[in-house]
Amino acid sequence: MRTLIVEDEPKNIKILQKFISDYLPTLEIVGEAHDAESAENLYNNLHPDLMLLDIQLREGTAFDFLDKIMPVRCAIIFITAYDNYALKAFKYSAIDYLLKPVNIAELRAAIKKVEDKMTYEKLNVQLKQLLENINNPINAKVALPTDGKLIFVNTNEIIYCKALGTRTTVHSLNNKVFTTSKTIGEFEEILPEKTFFRIHNSYLININSITKYIKGRGGFIEMQDGTRIEVAARRRDEFLSRFYT
């Protein structure tokens with residue numbers, strides 16, 4: 001695979017060069033870029049099969065670069081030491097990334113994933129949503145892998161998530177229900193903790209969608225779609241504290 005490295009730190013470029021030289025014979029480095037402008041020029045001239053793309057570049061970010069080249073015609077592996085907000089946007093969009101410092105096992109796994117199942121059509125859908133989430137975090141949408149495709153739902157429209165073994169059903173406005181391959185634990189990690197609360201092992205609820213709380217040992221809540229959910233007794237005090245300052 002013809003590989004373009006887009007990275008602004010020389011030491012990280014050397015690490016990637018050595019990894020590719022010593023362990024990744026299917027990759028050929030065809031160019032290196034340190035900023036968004038040079039990355040765009042090399043991408044257009046070299047037509048790489050793969051980009052190893054750092055997020056923070058000199059005089060700009062990878063998002064500035066991606067805005068100019070969409071739709072992309074190569075695979076991308078993101079490498080970043082970026083802040084939690086950006087990482088959340090990646091998770092929302094179901095896009096994988098590697099955190100610095102990169103190790104060879106993680107890089108190999110990422111490349112294998114690219115070689116096995118990446119399609120440009122799917123990647124561009126994910127990148128488009130990533131850029132929208134970066135630019136408009138208030139209306140961020142999360143990717144729901146279902147039936148071999150990705151459905152994007154605004155996080156504010158999710159009423160609750162229910163565990164279904166290793167899968168999860170996502171219940172949203174207008175009585176829409178999606179069965180996804182993500183676990184409820186993955187949704188708990190991804191969805192904003194200020195808005196979503198794990199009320200029970202099997203339920204992650206949107207606090208803004210609660211219409212009623214009924215007292216009891218743990219109590220029950222009623223959601224805006226009429227669903228009544230038990231509050232685990234051990235979670236009751238933490239749950240109720242969300243409503244008091």
# chains A, B, ... in the order shown; residues from 1 in each chain; ligands from 1
$ residues_around --residues "region 91-93 of chain A" --least-positions-apart "5" --cutoff "7 Å" --atoms "only C-alpha atoms" --output "PyMOL selection string"
chain A and resi 126+129-130+141-143+190
$ residues_around --residues "Glu32 (chain A)" --least-positions-apart "4" --cutoff "7 Å" --atoms "only C-alpha atoms" --output "list in words"
Leu4, Ile5 and Val6 of chain A
$ closest_residue --among "A:His34, A:Arg228, A:Arg236, A:Arg198" --to "Thr211 (chain A)" --atoms "only C-alpha atoms"
A:Arg228
$ residues_around --residues "region 166-176 of chain A" --least-positions-apart "2" --cutoff "9 Å" --atoms "only C-alpha atoms" --output "list of chain:residue names"
A:Leu144, A:Val153, A:Asn156, A:Glu157, A:Ile158, A:Ile159, A:Tyr160, A:Cys161, A:Lys162, A:Ala163, A:Leu164, A:Phe178, A:Thr179, A:Thr180, A:Ser181, A:Lys182, A:Thr183, A:Ile184, A:Phe187, A:Gln224, A:Asp225
$ closest_residue --among "A:Ile214, A:Ala233, A:Leu150, A:Ala94" --to "Glu186 (chain A)" --atoms "only C-alpha atoms"
A:Ala94
$ select_by_dssp --residues "region 1-222 of chain A" --states "strand (DSSP E)" --output "PyMOL selection string"
chain A and resi 2-6+28-33+50-54+56-57+60-61+75-80+97-99+141-146+149-154+158-164+167-172+176-180+196-200+203-206+210-214+220-222
$ write_last_selection --atoms "C-alpha atoms" --output "tab-separated table (two decimals), in the first residue's frame"
chain	number	residue	atom	x	y	z
A	2	ARG	CA	1.39	3.38	-1.04
A	3	THR	CA	1.52	5.27	2.25
A	4	LEU	CA	1.57	9.00	2.98
A	5	ILE	CA	2.66	10.04	6.49
A	6	VAL	CA	1.10	13.31	7.68
A	28	GLU	CA	5.62	1.66	0.98
A	29	ILE	CA	6.20	5.23	2.17
A	30	VAL	CA	5.72	7.57	-0.81
A	31	GLY	CA	5.76	10.92	1.00
A	32	GLU	CA	5.74	12.88	4.26
A	33	ALA	CA	3.87	16.07	5.10
A	50	LEU	CA	-3.20	4.85	2.87
A	51	MET	CA	-2.59	7.92	5.04
A	52	LEU	CA	-1.18	7.81	8.55
A	53	LEU	CA	-2.73	11.09	9.68
A	54	ASP	CA	-1.92	13.07	12.81
A	56	GLN	CA	-2.60	18.39	15.18
A	57	LEU	CA	-0.44	19.75	12.35
A	60	GLY	CA	-3.83	23.84	11.11
A	61	THR	CA	-5.36	20.45	11.82
A	75	ALA	CA	-7.74	4.54	3.67
A	76	ILE	CA	-6.90	6.62	6.76
A	77	ILE	CA	-5.44	5.67	10.12
A	78	PHE	CA	-5.64	8.57	12.57
A	79	ILE	CA	-2.81	8.99	15.07
A	80	THR	CA	-3.31	11.51	17.82
A	97	TYR	CA	-7.68	6.02	15.99
A	98	LEU	CA	-4.31	5.30	17.59
A	99	LEU	CA	-3.05	7.25	20.58
A	141	LYS	CA	-24.73	12.47	16.11
A	142	VAL	CA	-23.60	9.01	17.18
A	143	ALA	CA	-23.10	6.09	14.78
A	144	LEU	CA	-25.26	3.03	15.39
A	145	PRO	CA	-23.86	-0.08	13.66
A	146	THR	CA	-26.94	-2.05	12.60
A	149	LYS	CA	-24.69	-0.29	7.95
A	150	LEU	CA	-24.28	2.82	10.07
A	151	ILE	CA	-27.25	4.90	11.15
A	152	PHE	CA	-26.50	8.31	12.69
A	153	VAL	CA	-28.80	9.55	15.45
A	154	ASN	CA	-28.63	12.87	17.28
A	158	ILE	CA	-31.99	9.12	22.29
A	159	ILE	CA	-34.44	8.37	25.13
A	160	TYR	CA	-32.68	5.32	26.55
A	161	CYS	CA	-30.46	2.36	25.70
A	162	LYS	CA	-31.30	-1.19	26.81
A	163	ALA	CA	-28.82	-4.06	27.05
A	164	LEU	CA	-29.66	-7.08	24.94
A	167	ARG	CA	-25.99	-6.00	21.83
A	168	THR	CA	-28.00	-2.89	22.66
A	169	THR	CA	-31.35	-1.51	21.61
A	170	VAL	CA	-31.40	2.27	21.24
A	171	HIS	CA	-34.82	3.84	21.76
A	172	SER	CA	-35.23	7.30	20.26
A	176	LYS	CA	-37.72	4.47	16.61
A	177	VAL	CA	-35.75	1.48	17.93
A	178	PHE	CA	-32.36	0.38	16.62
A	179	THR	CA	-30.59	-2.86	17.54
A	180	THR	CA	-26.85	-2.33	17.43
A	196	PHE	CA	-26.88	10.03	30.23
A	197	PHE	CA	-26.95	7.92	33.39
A	198	ARG	CA	-26.63	4.14	33.92
A	199	ILE	CA	-29.76	3.71	36.02
A	200	HIS	CA	-29.50	-0.08	36.07
A	203	TYR	CA	-30.48	0.62	31.14
A	204	LEU	CA	-28.68	3.82	30.19
A	205	ILE	CA	-31.15	6.69	30.19
A	206	ASN	CA	-31.26	10.26	28.90
A	210	ILE	CA	-37.52	11.54	32.22
A	211	THR	CA	-41.11	12.62	32.90
A	212	LYS	CA	-41.67	11.11	36.36
A	213	TYR	CA	-39.89	9.55	39.36
A	214	ILE	CA	-41.83	7.15	41.58
A	220	PHE	CA	-38.94	3.82	39.16
A	221	ILE	CA	-38.70	6.39	36.44
A	222	GLU	CA	-41.06	6.99	33.56
$ closest_atom_pairs --of "region 55-75 of chain A" --to "region 41-48 of chain A" --cutoff "12 Å" --atoms "only C-alpha atoms" --output "CSV"
residue,atom,partner,partner_atom,distance
A:Phe65,CA,A:Tyr43,CA,10.0
A:Leu66,CA,A:Tyr43,CA,10.6
A:Lys68,CA,A:Asn44,CA,10.7
A:Ile69,CA,A:Asn44,CA,8.4
A:Met70,CA,A:Tyr43,CA,11.5
A:Val72,CA,A:Tyr43,CA,9.6
A:Arg73,CA,A:His47,CA,8.0
A:Cys74,CA,A:Pro48,CA,6.4
A:Ala75,CA,A:Pro48,CA,8.6
$ atom_distance --atom1 "CA of Thr119 (chain A)" --atom2 "CA of Ile20 (chain A)"
22.6 Å
$ residues_around --residues "Glu59 (chain A)" --least-positions-apart "4" --cutoff "10 Å" --atoms "only C-alpha atoms" --output "PDB file with C-alpha atoms, in the first residue's frame"
ATOM      1  CA  ASP A   8       4.417  17.424  12.271  1.00  0.00           C
ATOM      2  CA  HIS A  34       4.135  18.339   8.137  1.00  0.00           C
ATOM      3  CA  ASP A  35       1.191  20.702   7.615  1.00  0.00           C
ATOM      4  CA  ALA A  36      -2.255  20.774   6.025  1.00  0.00           C
ATOM      5  CA  GLU A  37      -1.136  22.573   2.847  1.00  0.00           C
ATOM      6  CA  ASP A  64      -8.787  21.518   7.798  1.00  0.00           C
TER       7      ASP A  64
END
$ select_by_dssp --residues "region 7-245 of chain A" --states "alpha helix (DSSP H)" --output "PyMOL selection string"
chain A and resi 10-23+36-46+62-69+84-92+104-117+120-135+184-190+236-241
$ closest_residue --among "A:Ala89, A:Glu106, A:Ser241, A:Gly165" --to "Asn136 (chain A)" --atoms "only C-alpha atoms"
A:Ala89
$ atom_distance --atom1 "CA of Asn201 (chain A)" --atom2 "CA of Gly226 (chain A)"
20.0 Å
